[in-house]
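Below: the structure, in C-alpha cells.
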Amino acid sequence: MQTLKFANDDRMPILGLGTWKSAPGEVGRAVREAIRIGYRHIDCAAIYGNEAEIGTALEEAVSSGLVRRDELWITSKLWNNAHATEQVGTALQRTLQDLRLDYLDLYLIHWPVACRPDVSFPTRAEHFLSLEEAPLAATWTGMEVCVQKGLARHIGVSNFGVGNLAEISSSAVIRPEMNQIELHPYLQQNDMLTYCRQHGIHLTAYSPLGSFDRPAVLKKAGELNLLGNPTVAGIAKAHGCSPAQVLLRWSIERGTAVIPKSTNPVRLAENFQSLELRLSDREMAELAKLDCHFRYVHGEFWTLKGSPYSLEELWK
Ligand code: A2P
C-alpha cells in the first residue's frame with residue numbers, strides 16, 4: 001500500500017480505518033474484518049469510547065497470526081481534559097491499556113481546546129480551561145515525554161489551524177509530524193496543505209465521506225451532501241466505481257492519509273479498493289472547483305456562550 005514516510009523512515013499506510021462513531025458491539029468486528037481485507041492503519045481516540053473493544057480485536061488479530069504488530073499503524077488521540085504536562089502520559093497509558101498495546105505509532109492532541117480534568121465533554125462555560133490556563137506548549141511537552149519513554153513513536157495534532165501549529169512548533173523539541181483535520185472536496189484547506197508541505201508535516205483527512213452518521217447535535221439544516229455531489233457522481237460513473245471511492249482517491253492523490261469510517265464489510269472492502277483507482281489531472285481539476293470551505297465538524301460545541309474559545313481563534 002502507498003505510505004507516508006516520516007523523517008526516521010517509518011511509513012504510515014495512506015488509507016486507514018476511522019473508528020469515530022463505530023458503535024461498541026460493532027467496532028471490534030469491523031477492525032477484524034478490515035485487517036482481514038488488508039487495512040494496516042487504524043485511527044482511534046480515547047473520546048470515541050471504543051478503544052477497549054478495538055484492543056481485543058487487535059490482540060486477536062495478532063495472536064491468531066493474521067498480522068504482526070509491527071505491520072500495523074495505530075493512532076490515538078489525547079482528550080481535552082488531560083492537557084496538563086503530567087496528565088498526558090497517564091492518558092496515553094490508559095489508551096495503551098485499552099488498546100492492549102505497548103506503544104502507539106502516532107499520538108495526537110485531539111483539539112487545541114482544554115477542559116477541566118473532571119469534565120469529559122464541556123456543556124457549560126466553566127467546564128473549559130483557556131489556553132492561558134492550559135497552554136498548548138505545556139501539552140506538547142507532555143507529548144514529547146511520551147516519545148522519550150517509547151510509548152509513542154510519533155506525535156502530532158488534530159484540528160489545529162496554521163496559527164496553533166506554528167505556535168507549538170516554535171517551542172517544540174520534537175516538532176509535530178502530523179495534523180489530522182477535516183478534508184474533502186468541499187473543504188480542501190489548500191493553505192494548510194502548502195504550510196504542511198513546507199514544514200514537513202503530514203496531513204490526515206477525517207470525515208472524507210462527509211460523516212453522515214454524526215450525532216444530530218453536530219448537524220445543521222440544509223447541509224451539503226458530499227456523496228451525492230453530481231461532479232463526484234460523474235467521475236465515479238466514468239470509472240465504474242462508487243462516489244465514496246472517488247472521494248477517498250481524491251485524498252490519496254493529494255498525498256494525504258485518509259481514514260474513512262465503516263462498520264459494514266461491503267463498504268470496508270469498497271473503500272479499500274480506492275487504492276486501485278487513479279484520477280486524471282482533469283478530474284482532480286474538476287474536483288478542485290468544488291471547494292466551498294464547508295465544515296461538517298464546525299467546532300461550535302467549543303464556543304458555547306461564555307467559553308474562552310471562538311471559531312476564529314480555533315481555525316486560525
Ligand atoms: P457505514 O459505517 O454503515 O458503512 P466518514 O468516514 O466521513 O465519517 O463517513 C462515515 C459514514 O459514511 C458512515 O455513515 C458510513 O456508514 C458511511 N460510509 C462508509 N463507507 C461508505 C461507502 N463506501 N459508501 C457510502 N457510505 C459509506
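Residues are referred to by chain and number: the chain letter is A, B, ... according to the order shown in the C-alpha cells, the number counts from 1 in that chain, and ligands are numbered separately from 1 in the order shown.
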
Go through chain A and flag each residue having an atom no more than 7 Å from ligand 1; for those, report the closest pair of atoms plus their distance in Å to one decimal, using only C-alpha atoms and all ligand atoms, ordered by chain and rising number, as a tab-separated table.
```
residue	atom	partner	partner_atom_place_in_ligand_line	distance
A:Gly18	CA	ligand 1	6 (O)	6.3
A:Ser22	CA	ligand 1	2 (O)	7.0
A:Tyr206	CA	ligand 1	7 (O)	6.5
A:Ser207	CA	ligand 1	7 (O)	3.2
A:Pro208	CA	ligand 1	7 (O)	4.3
A:Leu209	CA	ligand 1	7 (O)	3.4
A:Gly210	CA	ligand 1	7 (O)	4.1
A:Ser211	CA	ligand 1	8 (O)	3.4
A:Phe212	CA	ligand 1	14 (O)	4.9
A:Asp213	CA	ligand 1	14 (O)	4.2
A:Ala244	CA	ligand 1	23 (N)	4.8
A:Gln245	CA	ligand 1	23 (N)	6.6
A:Ile259	CA	ligand 1	6 (O)	6.4
A:Pro260	CA	ligand 1	6 (O)	3.5
A:Lys261	CA	ligand 1	6 (O)	3.9
A:Ser262	CA	ligand 1	2 (O)	3.2
A:Thr263	CA	ligand 1	2 (O)	4.2
A:Asn264	CA	ligand 1	4 (O)	4.7
A:Arg267	CA	ligand 1	23 (N)	4.5
A:Leu268	CA	ligand 1	20 (N)	6.5
A:Glu270	CA	ligand 1	23 (N)	5.6
A:Asn271	CA	ligand 1	23 (N)	5.3
```

Mind dumping a table of every segment 2-38 of chain A residue within 12 Å of segment 172-189 of chain A, with the nearest atom pair and its distance in Å to one decimal, using only C-alpha atoms, sorted by chain and rising number, as CSV?
```
residue,atom,partner,partner_atom,distance
A:Leu4,CA,A:Met178,CA,10.4
A:Lys5,CA,A:Glu177,CA,10.3
A:Phe6,CA,A:Glu177,CA,7.6
A:Ala7,CA,A:Glu177,CA,8.7
A:Asn8,CA,A:Glu177,CA,11.0
A:Asp10,CA,A:Glu177,CA,11.6
A:Met12,CA,A:Met178,CA,10.9
A:Gly18,CA,A:Gln180,CA,11.7
```

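Note that the spacing between atom CA of Val88 of chain A and atom CA of Ser76 of chain A amounts to 12.4 Å.
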
Exercise: Ser274 of chain A partners within 12 Å, only C-alpha atoms, chain neighbours under 5 positions left out, as a list in words: Met1, Gln2, Ile14, Leu15, Gly16, Ala236, His239, Gly240, Cys241, Ser242, Pro243, Ala244, Gln245, Val246, Leu247, Leu248, Arg249, Trp250, Ser251, Ile252, Glu253, Val258, Ile259, Pro260, Arg267, Leu268, Ala269 and Leu279 of chain A

- prompt: Of the residues A:Leu104, A:Val232, A:Arg197, A:Leu58, which is the one nearest to Arg29 of chain A, using only C-alpha atoms?
  reply: A:Leu58

- prompt: Residues of segment 209-300 of chain A in alpha helix (DSSP H) according to DSSP, as a PyMOL selection string?
  reply: chain A and resi 230-239+243-253+265-272+281-288

Atom CA of Glu132 of chain A to atom CA of Gln198 of chain A, straight-line distance in Å: 28.5 Å
